[in-house]
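Dumped structure_11.cif below, it's mmCIF, C-alpha atoms:
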data_run
loop_
_atom_site.group_PDB
_atom_site.id
_atom_site.type_symbol
_atom_site.label_atom_id
_atom_site.label_comp_id
_atom_site.auth_asym_id
_atom_site.auth_seq_id
_atom_site.Cartn_x
_atom_site.Cartn_y
_atom_site.Cartn_z
ATOM 1 C CA MET A 136 0.000 0.000 0.000
ATOM 2 C CA GLU A 137 1.413 3.336 -1.024
ATOM 3 C CA ARG A 138 1.373 6.009 1.628
ATOM 4 C CA THR A 139 1.568 9.699 0.840
ATOM 5 C CA ARG A 140 2.577 12.561 3.105
ATOM 6 C CA PHE A 141 2.408 16.257 2.355
ATOM 7 C CA ILE A 142 5.008 18.745 3.555
ATOM 8 C CA ALA A 143 4.526 22.508 3.476
ATOM 9 C CA ALA A 144 7.164 24.753 1.924
ATOM 10 C CA ALA A 145 6.848 28.512 1.288
ATOM 11 C CA PRO A 146 5.174 30.565 2.621
ATOM 12 C CA VAL A 147 5.049 28.307 5.709
ATOM 13 C CA ARG A 148 8.799 27.726 5.624
ATOM 14 C CA THR A 149 11.639 28.146 3.136
ATOM 15 C CA ALA A 150 12.410 25.502 0.553
ATOM 16 C CA SER A 151 15.638 24.735 2.439
ATOM 17 C CA GLU A 152 13.774 24.150 5.684
ATOM 18 C CA ALA A 153 11.236 21.954 3.890
ATOM 19 C CA TRP A 154 14.080 19.979 2.322
ATOM 20 C CA ASP A 155 15.650 19.451 5.752
ATOM 21 C CA ILE A 156 12.333 18.101 7.045
ATOM 22 C CA VAL A 157 12.078 15.683 4.123
ATOM 23 C CA CYS A 158 15.624 14.462 4.796
ATOM 24 C CA GLN A 159 14.865 14.009 8.506
ATOM 25 C CA LEU A 160 11.625 12.171 7.762
ATOM 26 C CA LEU A 161 13.285 9.732 5.393
ATOM 27 C CA THR A 162 16.279 9.300 7.680
ATOM 28 C CA SER A 163 14.113 8.576 10.723
ATOM 29 C CA THR A 164 12.089 6.084 8.675
ATOM 30 C CA LEU A 165 14.958 4.156 7.108
ATOM 31 C CA GLU A 166 17.457 4.208 9.945
ATOM 32 C CA ARG A 167 15.048 2.393 12.247
ATOM 33 C CA SER A 168 16.205 -0.652 10.332
ATOM 34 C CA SER A 169 19.369 -2.476 11.339
ATOM 35 C CA SER A 170 20.061 -2.917 7.621
ATOM 36 C CA VAL A 171 20.492 0.834 7.140
ATOM 37 C CA PRO A 172 23.587 2.091 8.999
ATOM 38 C CA SER A 173 23.353 5.420 10.773
ATOM 39 C CA GLY A 174 24.409 8.297 8.526
ATOM 40 C CA THR A 175 23.772 6.435 5.282
ATOM 41 C CA VAL A 176 20.702 8.427 4.309
ATOM 42 C CA ALA A 177 22.249 11.792 5.193
ATOM 43 C CA THR A 178 25.306 10.941 3.115
ATOM 44 C CA GLU A 179 23.103 10.242 0.115
ATOM 45 C CA PHE A 180 21.151 13.466 0.557
ATOM 46 C CA GLN A 181 24.376 15.431 0.786
ATOM 47 C CA ARG A 182 24.600 14.936 -2.982
ATOM 48 C CA LEU A 183 21.479 17.067 -3.342
ATOM 49 C CA LYS A 184 22.538 20.024 -1.206
ATOM 50 C CA GLY A 185 21.087 23.148 -2.830
ATOM 51 C CA LEU A 186 19.436 21.087 -5.541
ATOM 52 C CA GLY A 187 16.740 19.798 -3.186
ATOM 53 C CA PRO A 188 15.612 23.304 -2.217
ATOM 54 C CA ALA A 189 15.738 24.379 -5.884
ATOM 55 C CA LEU A 190 13.450 21.497 -6.823
ATOM 56 C CA ILE A 191 11.006 22.428 -4.065
ATOM 57 C CA ALA A 192 11.101 26.148 -4.886
ATOM 58 C CA GLY A 193 10.459 25.341 -8.539
ATOM 59 C CA GLY A 194 7.352 23.406 -7.554
ATOM 60 C CA HIS A 195 8.740 20.186 -9.011
ATOM 61 C CA PHE A 196 7.732 18.039 -6.039
ATOM 62 C CA GLU A 197 4.127 19.230 -5.875
ATOM 63 C CA LYS A 198 2.444 16.628 -8.062
ATOM 64 C CA LEU A 199 4.495 13.460 -7.780
ATOM 65 C CA GLY A 200 7.222 14.326 -5.317
ATOM 66 C CA LEU A 201 9.745 11.847 -3.989
ATOM 67 C CA LEU A 202 9.029 8.155 -3.841
ATOM 68 C CA LEU A 203 10.718 5.833 -1.353
ATOM 69 C CA ALA A 204 10.555 2.254 -2.534
ATOM 70 C CA ASP A 205 11.778 -0.894 -0.841
ATOM 71 C CA GLU A 206 10.526 -4.427 -0.337
ATOM 72 C CA ASN A 207 7.987 -3.334 2.278
ATOM 73 C CA LEU A 208 7.969 0.397 1.677
ATOM 74 C CA ASP A 209 6.097 2.361 -0.939
ATOM 75 C CA VAL A 210 5.779 5.908 0.295
ATOM 76 C CA SER A 211 5.662 9.265 -1.416
ATOM 77 C CA ILE A 212 6.284 12.769 -0.162
ATOM 78 C CA GLN A 213 4.774 15.735 -1.943
ATOM 79 C CA ILE A 214 5.972 19.203 -1.069
ATOM 80 C CA LEU A 215 3.423 21.951 -1.524
ATOM 81 C CA THR A 216 3.931 25.677 -1.942
ATOM 82 C CA GLY A 217 1.755 28.777 -2.084
ATOM 83 C CA ASP A 218 -1.846 28.605 -0.908
ATOM 84 C CA ALA A 219 -1.745 24.799 -0.974
ATOM 85 C CA ALA A 220 1.008 24.830 1.663
ATOM 86 C CA LEU A 221 -1.199 26.775 4.072
ATOM 87 C CA GLY A 222 -3.695 23.924 4.333
ATOM 88 C CA VAL A 223 -1.266 21.080 4.946
ATOM 89 C CA GLU A 224 -1.702 19.044 8.119
ATOM 90 C CA GLU A 225 1.721 17.512 8.506
ATOM 91 C CA ASN A 226 2.600 14.163 9.968
ATOM 92 C CA LEU A 227 6.332 14.143 10.529
ATOM 93 C CA ASN A 228 6.456 10.776 12.300
ATOM 94 C CA PRO A 229 8.509 8.072 10.590
ATOM 95 C CA PHE A 230 6.604 6.061 7.987
ATOM 96 C CA PRO A 231 5.413 2.670 9.246
ATOM 97 C CA GLY A 232 7.514 -0.156 7.881
ATOM 98 C CA GLY A 233 10.862 1.579 8.204
ATOM 99 C CA ALA A 234 12.149 -0.980 10.687
ATOM 100 C CA THR A 235 12.104 -3.631 7.967
ATOM 101 C CA ALA A 236 13.894 -1.511 5.363
ATOM 102 C CA THR A 237 16.601 -3.331 3.445
ATOM 103 C CA SER A 238 19.907 -2.075 2.120
ATOM 104 C CA GLY A 239 18.206 -1.913 -1.282
ATOM 105 C CA TRP A 240 16.030 1.113 -0.477
ATOM 106 C CA LYS A 241 15.679 3.619 -3.252
ATOM 107 C CA ILE A 242 14.366 7.152 -3.548
ATOM 108 C CA TYR A 243 12.974 8.294 -6.883
ATOM 109 C CA LEU A 244 12.995 11.999 -7.660
ATOM 110 C CA GLN A 245 10.119 11.799 -10.062
ATOM 111 C CA GLU A 246 9.504 15.002 -11.989
ATOM 112 C CA PRO A 247 12.516 17.329 -11.771
ATOM 113 C CA GLY A 248 11.601 19.387 -14.855
ATOM 114 C CA PRO A 249 14.483 21.398 -16.327
ATOM 115 C CA LEU A 250 16.723 20.376 -13.418
ATOM 116 C CA SER A 251 16.791 16.781 -14.610
ATOM 117 C CA PRO A 252 20.339 16.948 -16.102
ATOM 118 C CA ALA A 253 21.771 18.589 -12.968
ATOM 119 C CA LEU A 254 20.002 16.064 -10.798
ATOM 120 C CA SER A 255 21.191 13.139 -12.890
ATOM 121 C CA ALA A 256 24.772 14.369 -12.527
ATOM 122 C CA ALA A 257 24.352 14.747 -8.763
ATOM 123 C CA VAL A 258 23.003 11.221 -8.210
ATOM 124 C CA LYS A 259 25.414 9.541 -10.623
ATOM 125 C CA GLY A 260 26.993 6.557 -8.920
ATOM 126 C CA SER A 261 24.382 6.422 -6.162
ATOM 127 C CA SER A 262 22.632 3.121 -5.644
ATOM 128 C CA HIS A 263 19.933 4.787 -3.529
ATOM 129 C CA LEU A 264 18.908 7.862 -5.529
ATOM 130 C CA SER A 265 17.322 7.819 -8.949
ATOM 131 C CA VAL A 266 15.871 10.445 -11.277
ATOM 132 C CA GLY A 267 12.454 9.809 -12.800
ATOM 133 C CA LYS A 268 9.640 7.443 -12.061
ATOM 134 C CA PRO A 269 10.315 3.836 -11.071
ATOM 135 C CA GLN A 270 9.826 1.217 -13.721
ATOM 136 C CA ALA A 271 6.960 -1.124 -13.006
ATOM 137 C CA SER A 272 9.365 -4.059 -12.926
ATOM 138 C CA THR A 273 11.238 -2.621 -9.961
ATOM 139 C CA LYS A 274 8.256 -3.220 -7.681
ATOM 140 C CA THR A 275 8.358 -6.437 -5.723
ATOM 141 C CA VAL A 276 5.154 -8.410 -5.999
ATOM 142 C CA LYS A 277 4.620 -11.182 -3.546
ATOM 143 C CA ILE A 278 2.634 -14.043 -5.071
ATOM 144 C CA GLU A 279 0.897 -16.012 -2.335
ATOM 145 C CA ASN A 280 -0.088 -19.064 -4.352
ATOM 146 C CA PRO A 281 2.288 -19.454 -7.283
ATOM 147 C CA VAL A 282 1.302 -21.846 -9.997
ATOM 148 C CA ASN A 283 3.460 -23.413 -12.630
ATOM 149 C CA SER A 284 1.659 -21.861 -15.554
ATOM 150 C CA LEU A 285 -0.415 -18.668 -15.499
ATOM 151 C CA ILE A 286 -1.840 -19.340 -18.975
ATOM 152 C CA ASP A 287 -4.362 -22.086 -19.635
ATOM 153 C CA MET A 288 -3.007 -23.364 -22.954
ATOM 154 C CA ASP A 289 -5.917 -25.714 -23.461
ATOM 155 C CA ALA A 290 -8.387 -22.843 -23.181
ATOM 156 C CA LEU A 291 -6.356 -20.806 -25.665
ATOM 157 C CA ARG A 292 -6.390 -23.653 -28.171
ATOM 158 C CA ARG A 293 -10.141 -24.014 -27.811
ATOM 159 C CA LEU A 294 -10.644 -20.282 -28.471
ATOM 160 C CA GLY A 295 -8.441 -20.426 -31.560
ATOM 161 C CA GLY A 296 -10.125 -23.552 -32.884
ATOM 162 C CA GLN A 297 -6.846 -25.453 -32.885
ATOM 163 C CA SER A 298 -6.173 -28.760 -31.322
ATOM 164 C CA MET B 49 -21.685 31.368 14.150
ATOM 165 C CA THR B 50 -17.931 31.259 14.184
ATOM 166 C CA THR B 51 -15.595 33.357 12.141
ATOM 167 C CA SER B 52 -11.923 32.966 11.487
ATOM 168 C CA VAL B 53 -9.395 35.486 10.328
ATOM 169 C CA SER B 54 -6.135 34.567 8.708
ATOM 170 C CA THR B 55 -3.306 37.017 8.861
ATOM 171 C CA TYR B 56 -0.129 36.687 6.939
ATOM 172 C CA THR B 57 3.151 38.364 7.637
ATOM 173 C CA ARG B 58 5.536 40.202 5.347
ATOM 174 C CA VAL B 59 8.072 37.501 6.173
ATOM 175 C CA GLN B 60 5.760 34.871 4.675
ATOM 176 C CA THR B 61 5.326 36.958 1.536
ATOM 177 C CA ALA B 62 9.087 37.446 1.334
ATOM 178 C CA THR B 63 9.768 33.735 1.868
ATOM 179 C CA HIS B 64 7.325 32.840 -0.886
ATOM 180 C CA LEU B 65 8.631 35.370 -3.413
ATOM 181 C CA ALA B 66 12.312 34.684 -2.700
ATOM 182 C CA ASP B 67 11.768 30.962 -3.210
ATOM 183 C CA VAL B 68 9.843 31.473 -6.451
ATOM 184 C CA VAL B 69 12.491 33.851 -7.832
ATOM 185 C CA LEU B 70 15.401 31.537 -6.969
ATOM 186 C CA GLY B 71 13.532 28.451 -8.164
ATOM 187 C CA SER B 72 12.810 30.225 -11.440
ATOM 188 C CA ILE B 73 16.457 31.250 -11.797
ATOM 189 C CA ALA B 74 17.529 27.612 -11.342
ATOM 190 C CA ASP B 75 14.997 26.466 -13.950
ATOM 191 C CA ILE B 76 15.974 29.219 -16.398
ATOM 192 C CA LEU B 77 19.689 28.413 -16.154
ATOM 193 C CA ALA B 78 19.035 24.701 -16.544
ATOM 194 C CA THR B 79 16.877 25.372 -19.607
ATOM 195 C CA LEU B 80 19.524 27.598 -21.163
ATOM 196 C CA GLY B 81 22.218 25.009 -20.487
ATOM 197 C CA VAL B 82 24.146 27.251 -18.091
ATOM 198 C CA ASP B 83 25.892 25.637 -15.132
ATOM 199 C CA ALA B 84 23.796 26.463 -12.052
ATOM 200 C CA THR B 85 26.168 24.891 -9.511
ATOM 201 C CA ARG B 86 26.758 28.269 -7.862
ATOM 202 C CA VAL B 87 23.032 28.864 -7.478
ATOM 203 C CA PHE B 88 22.706 25.573 -5.632
ATOM 204 C CA ALA B 89 25.830 26.201 -3.537
ATOM 205 C CA ASP B 90 24.734 29.717 -2.524
ATOM 206 C CA TRP B 91 21.060 28.844 -2.161
ATOM 207 C CA ASP B 92 20.638 29.543 1.556
ATOM 208 C CA THR B 93 22.704 32.738 1.488
ATOM 209 C CA ASP B 94 20.817 34.152 -1.485
ATOM 210 C CA GLN B 95 17.408 33.102 -0.184
ATOM 211 C CA LYS B 96 18.054 34.807 3.146
ATOM 212 C CA ALA B 97 19.269 37.995 1.474
ATOM 213 C CA ILE B 98 16.427 38.316 -1.039
ATOM 214 C CA SER B 99 13.868 37.428 1.603
ATOM 215 C CA ALA B 100 15.284 40.017 4.030
ATOM 216 C CA TRP B 101 15.246 42.747 1.382
ATOM 217 C CA ILE B 102 11.646 41.992 0.401
ATOM 218 C CA THR B 103 10.643 41.969 4.072
ATOM 219 C CA GLU B 104 12.121 45.432 4.582
ATOM 220 C CA GLY B 105 10.626 46.605 1.268
ATOM 221 C CA SER B 106 13.926 47.729 -0.222
ATOM 222 C CA LEU B 107 14.364 45.233 -3.054
ATOM 223 C CA SER B 108 13.479 46.685 -6.421
ATOM 224 C CA THR B 109 14.599 44.033 -8.924
ATOM 225 C CA VAL B 110 16.504 40.755 -9.023
ATOM 226 C CA ILE B 111 18.484 40.452 -12.257
ATOM 227 C CA LEU B 112 19.915 37.346 -13.866
ATOM 228 C CA GLU B 113 22.543 38.013 -16.520
ATOM 229 C CA CYS B 114 24.036 35.452 -18.896
ATOM 230 C CA HIS B 115 27.611 36.296 -19.905
ATOM 231 C CA GLN B 116 28.604 34.526 -23.100
ATOM 232 C CA PRO B 117 32.248 33.627 -23.864
ATOM 233 C CA ASN B 118 32.417 36.274 -26.638
ATOM 234 C CA GLY B 119 31.562 39.029 -24.143
ATOM 235 C CA THR B 120 27.908 39.342 -25.092
ATOM 236 C CA VAL B 121 25.578 39.676 -22.118
ATOM 237 C CA SER B 122 22.345 38.040 -23.240
ATOM 238 C CA PRO B 123 19.751 37.015 -22.313
ATOM 239 C CA ILE B 124 18.978 39.058 -19.220
ATOM 240 C CA PHE B 125 16.041 38.312 -16.937
ATOM 241 C CA GLU B 126 14.551 40.793 -14.515
ATOM 242 C CA PHE B 127 12.279 39.994 -11.585
ATOM 243 C CA PRO B 128 10.790 43.364 -10.565
ATOM 244 C CA VAL B 129 9.185 43.440 -7.122
ATOM 245 C CA ALA B 130 6.074 45.541 -6.500
ATOM 246 C CA TYR B 131 4.846 46.274 -2.994
ATOM 247 C CA GLY B 132 1.293 46.779 -1.862
ATOM 248 C CA LEU B 133 -1.883 44.756 -1.665
ATOM 249 C CA THR B 134 -1.962 42.005 -4.257
ATOM 250 C CA GLY B 135 -3.544 38.593 -4.637
ATOM 251 C CA GLU B 136 -6.229 37.194 -6.886
ATOM 252 C CA GLY B 137 -9.559 36.894 -5.129
ATOM 253 C CA ASP B 138 -9.255 34.412 -2.317
ATOM 254 C CA ARG B 139 -5.817 33.279 -3.383
ATOM 255 C CA LYS B 140 -3.081 34.770 -1.248
ATOM 256 C CA PHE B 141 0.174 33.130 -2.296
ATOM 257 C CA THR B 142 0.360 32.415 -6.000
ATOM 258 C CA ALA B 143 3.002 31.293 -8.476
ATOM 259 C CA ASP B 144 2.282 30.884 -12.164
ATOM 260 C CA ARG B 145 4.653 27.969 -12.749
ATOM 261 C CA ALA B 146 2.619 26.486 -15.590
ATOM 262 C CA ALA B 147 2.999 29.700 -17.565
ATOM 263 C CA LEU B 148 6.698 29.812 -16.672
ATOM 264 C CA ALA B 149 7.152 26.278 -18.001
ATOM 265 C CA ARG B 150 5.541 27.273 -21.299
ATOM 266 C CA TYR B 151 7.759 30.341 -21.396
ATOM 267 C CA LEU B 152 10.911 28.299 -20.716
ATOM 268 C CA ALA B 153 10.040 25.895 -23.515
ATOM 269 C CA LYS B 154 10.567 28.752 -25.973
ATOM 270 C CA LEU B 155 14.028 29.699 -24.705
ATOM 271 C CA LYS B 156 17.050 28.835 -26.803
ATOM 272 C CA THR B 157 20.215 27.469 -25.269
ATOM 273 C CA VAL B 158 23.266 29.710 -25.024
ATOM 274 C CA PRO B 159 26.864 28.939 -26.128
ATOM 275 C CA THR B 160 28.902 26.541 -24.009
ATOM 276 C CA GLY B 161 30.944 28.422 -21.436
ATOM 277 C CA THR B 162 28.254 30.991 -20.721
ATOM 278 C CA VAL B 163 28.204 31.940 -17.049
ATOM 279 C CA HIS B 164 25.631 33.772 -14.993
ATOM 280 C CA ARG B 165 25.594 36.657 -12.549
ATOM 281 C CA ILE B 166 22.839 37.715 -10.193
ATOM 282 C CA PHE B 167 22.323 41.357 -9.217
ATOM 283 C CA CYS B 168 19.807 43.131 -7.045
ATOM 284 C CA THR B 169 18.745 46.755 -7.334
ATOM 285 C CA PHE B 170 17.118 48.708 -4.542
ATOM 286 C CA SER B 171 14.766 51.562 -3.921
ATOM 287 C CA GLY B 172 16.403 53.478 -1.091
ATOM 288 C CA ALA B 173 18.387 52.221 1.860
ATOM 289 C CA HIS B 174 18.789 48.498 2.373
ATOM 290 C CA SER B 175 20.439 46.219 4.893
ATOM 291 C CA GLY B 176 23.768 44.537 4.206
ATOM 292 C CA GLN B 177 23.524 40.823 3.571
ATOM 293 C CA GLN B 178 26.178 38.136 3.766
ATOM 294 C CA GLY B 179 27.610 36.988 0.448
ATOM 295 C CA TRP B 180 26.574 40.075 -1.491
ATOM 296 C CA SER B 181 28.731 42.995 -2.565
ATOM 297 C CA ALA B 182 28.339 46.049 -4.787
ATOM 298 C CA GLY B 183 28.432 45.493 -8.539
ATOM 299 C CA SER B 184 27.348 46.953 -11.850
ATOM 300 C CA ARG B 185 24.702 45.334 -13.942
ATOM 301 C CA ALA B 186 24.839 45.241 -17.739
ATOM 302 C CA SER B 187 22.772 47.639 -19.788
ATOM 303 C CA VAL B 188 19.648 46.418 -21.551
ATOM 304 C CA ALA B 189 19.690 49.318 -24.003
ATOM 305 C CA GLY B 190 19.000 48.130 -27.536
ATOM 306 C CA MET B 191 17.812 44.695 -26.427
ATOM 307 C CA ARG B 192 14.433 43.261 -27.320
ATOM 308 C CA SER B 193 12.196 43.062 -24.296
ATOM 309 C CA TYR B 194 9.420 40.614 -23.501
ATOM 310 C CA SER B 195 7.206 40.769 -20.444
ATOM 311 C CA PHE B 196 5.927 37.648 -18.748
ATOM 312 C CA GLY B 197 3.601 39.526 -16.413
ATOM 313 C CA THR B 198 3.140 38.519 -12.784
ATOM 314 C CA LEU B 199 5.157 35.463 -11.820
ATOM 315 C CA ALA B 200 4.242 35.239 -8.142
ATOM 316 C CA ALA B 201 2.303 37.190 -5.566
ATOM 317 C CA GLY B 202 1.732 37.344 -1.838
ATOM 318 C CA PRO B 203 -0.458 39.533 0.372
ATOM 319 C CA HIS B 204 2.168 42.269 0.602
ATOM 320 C CA ALA B 205 4.114 42.120 -2.662
ATOM 321 C CA SER B 206 4.399 40.517 -6.059
ATOM 322 C CA THR B 207 7.109 39.826 -8.601
ATOM 323 C CA GLY B 208 7.022 39.767 -12.362
ATOM 324 C CA LEU B 209 9.434 38.585 -15.037
ATOM 325 C CA ARG B 210 10.926 40.454 -17.966
ATOM 326 C CA TYR B 211 13.206 38.965 -20.571
ATOM 327 C CA PHE B 212 15.779 40.862 -22.640
ATOM 328 C CA ASN B 213 17.521 39.381 -25.648
ATOM 329 C CA LYS B 214 19.907 40.639 -28.351
#

Take the structure in this file and express it as structure tokens.
Amino acid sequence: MERTRFIAAAPVRTASEAWDIVCQLLTSTLERSSSVPSGTVATEFQRLKGLGPALIAGGHFEKLGLLLADENLDVSIQILTGDAALGVEENLNPFPGGATATSGWKIYLQEPGPLSPALSAAVKGSSHLSVGKPQASTKTVKIENPVNSLIDMDALRRLGGQS
Amino acid sequence: MTTSVSTYTRVQTATHLADVVLGSIADILATLGVDATRVFADWDTDQKAISAWITEGSLSTVILECHQPNGTVSPIFEFPVAYGLTGEGDRKFTADRAALARYLAKLKTVPTGTVHRIFCTFSGAHSGQQGWSAGSRASVAGMRSYSFGTLAAGPHASTGLRYFNK
């Protein structure tokens, strides 16, 4: 289940302050897990110093925002500005499920607009930060009752009139 | 019957406008293909300065200049700040980012090696701010001018966008 949180930026607070809150929220969520060493998340976000606030100030995280994806985590953070920011009721508690985060956690910066090239350069070499939306295949789907074949070949043959 | 009154401060207006101006500068530079590393590095310093000057009502215009390797200074973007009651109906803090995106889509890239400078002009006395020093902006005489109109507004002030090109 995907969870979404909204964070208020200007005029409630500056883009830099909003970015710090996002970093703290993701850090407090992920570093509850023993698989995510302390300081790991902050080190990754250090790559985005200045860029994060620019993305917020440009309104690029208003519609899709950041997406944190992991085996048991599917959470998004949207950062609102202007009048929309005034009506935000914030929940800054860590996202549920953080304690089971794996070392494979990934944050997708989904719609960076013109800042996409700068962002791509900043996250180059990172295994935890990615620019753009996640591909559908990156989501882990747990199949409770796997079967050998998902296609009934006999039924297909009957429909096609072949034996 | 209950009534509620919302009051907004000049600091909130200044925070909103400073963020929109700097966010727009980052987007403009990225669209033009100009390295914006310095904008990101100086983000907090510049945000605090612009916000403080809008709060005190001294900031007249924020100017973004693109200095090409051959010495040409073009394009130039101006963000003039107007003070007074603004807002559209019930909306208090606005930013026309959709229109800005359409506007940016029409911009042409500039030659490789082009660098940017940011200036501020003032109406009257203004406070000193860290990271900023006196400088001279380039002239826009003889340049073609295009007006974007209002880019962002708050209860106490608004900012527009003008574009100059050779």

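Our summary of the geometry notes that atom CA of Trp154 of chain A is positioned 21.2 Å from atom CA of Glu137 of chain A.
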
**OP:** Quick one: everything within 10 Å of Ser72 of chain B, counting all atoms listed in the file, minus sequence neighbours fewer than 5 positions away in the same chain. Send it as an MDAnalysis selection string.
**Re:** (chainID A and resid 189:190 192:194) or (chainID B and resid 66:67 77:78 127 145 148:149 152 199 209)

Can you translate the PyMOL selection byres ((chain A) within 9 of (chain B)) into the concrete residues it hits in this file, as a short mmCIF file (atom, residue, chain, number, x, y, z; two decimals) with C-alpha atoms, keeping the file's coordinate frame?
data_model
loop_
_atom_site.label_atom_id
_atom_site.label_comp_id
_atom_site.auth_asym_id
_atom_site.auth_seq_id
_atom_site.Cartn_x
_atom_site.Cartn_y
_atom_site.Cartn_z
CA ALA A 144 7.16 24.75 1.92
CA ALA A 145 6.85 28.51 1.29
CA PRO A 146 5.17 30.56 2.62
CA VAL A 147 5.05 28.31 5.71
CA ARG A 148 8.80 27.73 5.62
CA THR A 149 11.64 28.15 3.14
CA ALA A 150 12.41 25.50 0.55
CA SER A 151 15.64 24.74 2.44
CA LEU A 183 21.48 17.07 -3.34
CA LYS A 184 22.54 20.02 -1.21
CA GLY A 185 21.09 23.15 -2.83
CA LEU A 186 19.44 21.09 -5.54
CA GLY A 187 16.74 19.80 -3.19
CA PRO A 188 15.61 23.30 -2.22
CA ALA A 189 15.74 24.38 -5.88
CA LEU A 190 13.45 21.50 -6.82
CA ILE A 191 11.01 22.43 -4.07
CA ALA A 192 11.10 26.15 -4.89
CA GLY A 193 10.46 25.34 -8.54
CA GLY A 194 7.35 23.41 -7.55
CA THR A 216 3.93 25.68 -1.94
CA GLY A 217 1.76 28.78 -2.08
CA ASP A 218 -1.85 28.60 -0.91
CA ALA A 219 -1.74 24.80 -0.97
CA GLY A 248 11.60 19.39 -14.86
CA PRO A 249 14.48 21.40 -16.33
CA LEU A 250 16.72 20.38 -13.42
CA SER A 251 16.79 16.78 -14.61
CA PRO A 252 20.34 16.95 -16.10
CA ALA A 253 21.77 18.59 -12.97
#

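Here atom CA of Phe180 of chain A is placed at a distance of 20.7 Å from atom CA of Thr235 of chain A.
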
Show which residues sit within 8 Å of Val176 of chain A, as an mmCIF file with C-alpha atoms, in the coordinates of the input. Count all atoms listed in the file, and ignore same-chain residues fewer than 2 positions away.
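The result, written out as out_17.cif:
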data_model
loop_
_atom_site.group_PDB
_atom_site.id
_atom_site.type_symbol
_atom_site.label_atom_id
_atom_site.label_comp_id
_atom_site.auth_asym_id
_atom_site.auth_seq_id
_atom_site.Cartn_x
_atom_site.Cartn_y
_atom_site.Cartn_z
ATOM 1 C CA CYS A 158 15.624 14.462 4.796
ATOM 2 C CA LEU A 161 13.285 9.732 5.393
ATOM 3 C CA THR A 162 16.279 9.300 7.680
ATOM 4 C CA LEU A 165 14.958 4.156 7.108
ATOM 5 C CA GLU A 166 17.457 4.208 9.945
ATOM 6 C CA SER A 173 23.353 5.420 10.773
ATOM 7 C CA GLY A 174 24.409 8.297 8.526
ATOM 8 C CA THR A 178 25.306 10.941 3.115
ATOM 9 C CA GLU A 179 23.103 10.242 0.115
ATOM 10 C CA PHE A 180 21.151 13.466 0.557
#

Subject >> Near-Leu208 of chain A list (9 Å; all atoms listed in the file; drop same-chain fewer than 3 positions) as a ChimeraX atom specification >> reply: /A:136-138,203-205,230-233,235-236,240

Save the residues we just selected, C-alpha atoms, as a tab-separated table (two decimals), in the coordinates of the input?
chain	number	residue	atom	x	y	z
A	136	MET	CA	0.00	0.00	0.00
A	137	GLU	CA	1.41	3.34	-1.02
A	138	ARG	CA	1.37	6.01	1.63
A	203	LEU	CA	10.72	5.83	-1.35
A	204	ALA	CA	10.56	2.25	-2.53
A	205	ASP	CA	11.78	-0.89	-0.84
A	230	PHE	CA	6.60	6.06	7.99
A	231	PRO	CA	5.41	2.67	9.25
A	232	GLY	CA	7.51	-0.16	7.88
A	233	GLY	CA	10.86	1.58	8.20
A	235	THR	CA	12.10	-3.63	7.97
A	236	ALA	CA	13.89	-1.51	5.36
A	240	TRP	CA	16.03	1.11	-0.48

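Applied to the file shown here, the PyMOL selection byres ((chain A and resi 264-267) around 8) selects the residues Glu179, Lys241, Ile242, Tyr243, Leu244, Gln245, Glu246, Pro247, Ser251, Leu254, Ser255, Val258, Ser261, Ser262, His263, Lys268 and Pro269 of chain A.
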
**OP:** List the residues sitting within 9 Å of (19.3, 37.4, -5.6) in the file's frame, using all atoms listed in the file, as a ChimeraX atom specification.
**Re:** /B:66,69-70,94-95,97-98,109-112,166-168,180

Keeping only C-alpha atoms, write the selected residues as a short mmCIF file (atom, residue, chain, number, x, y, z; two decimals), in the coordinates of the input.
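result04.cif, freshly written:
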data_model
loop_
_atom_site.label_atom_id
_atom_site.label_comp_id
_atom_site.auth_asym_id
_atom_site.auth_seq_id
_atom_site.Cartn_x
_atom_site.Cartn_y
_atom_site.Cartn_z
CA ALA B 66 12.31 34.68 -2.70
CA VAL B 69 12.49 33.85 -7.83
CA LEU B 70 15.40 31.54 -6.97
CA ASP B 94 20.82 34.15 -1.48
CA GLN B 95 17.41 33.10 -0.18
CA ALA B 97 19.27 37.99 1.47
CA ILE B 98 16.43 38.32 -1.04
CA THR B 109 14.60 44.03 -8.92
CA VAL B 110 16.50 40.76 -9.02
CA ILE B 111 18.48 40.45 -12.26
CA LEU B 112 19.92 37.35 -13.87
CA ILE B 166 22.84 37.72 -10.19
CA PHE B 167 22.32 41.36 -9.22
CA CYS B 168 19.81 43.13 -7.04
CA TRP B 180 26.57 40.08 -1.49
#

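Comparing A:Ala177, A:Gly222, A:Ala143, A:Asn228 by their smallest distance to Glu197 of chain A, the closest is A:Ala143 (using all atoms listed in the file).
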
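Of the residues under consideration (B:Gly183, B:Glu126, B:Gly176, B:Gly197), B:Glu126 shows the shortest atom-to-atom contact distance to Tyr211 of chain B when counting all atoms listed in the file.
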
**OP:** Give me, please, the distance in Å between atom CA of Arg210 of chain B and atom CA of Ser195 of chain B, quoted to one decimal.
**Re:** 4.5 Å

Original post:
So, counting only C-alpha atoms, which residue among A:Glu206, A:Leu221, A:Lys259, A:Leu201 is closest to Thr55 of chain B?
Top reply: A:Leu221

**OP:** Translate the PyMOL selection byres ((chain B and resi 159) around 9), as applied to the file shown, into an explicit residue set as a PyMOL selection string.
**Re:** chain B and resi 80-82+116-117+157-158+160-162

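The residue that comes closest to Asn118 of chain B, out of B:Ala186, B:Val163, B:Leu155, B:Ala173 and on the basis of only C-alpha atoms, is B:Val163.
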
**OP:** Find the residues near Thr93 of chain B: any atom within 9 Å, counting only C-alpha atoms, skip ones fewer than 6 places away on the same chain, and give them as a ChimeraX atom specification.
**Re:** /B:177-180
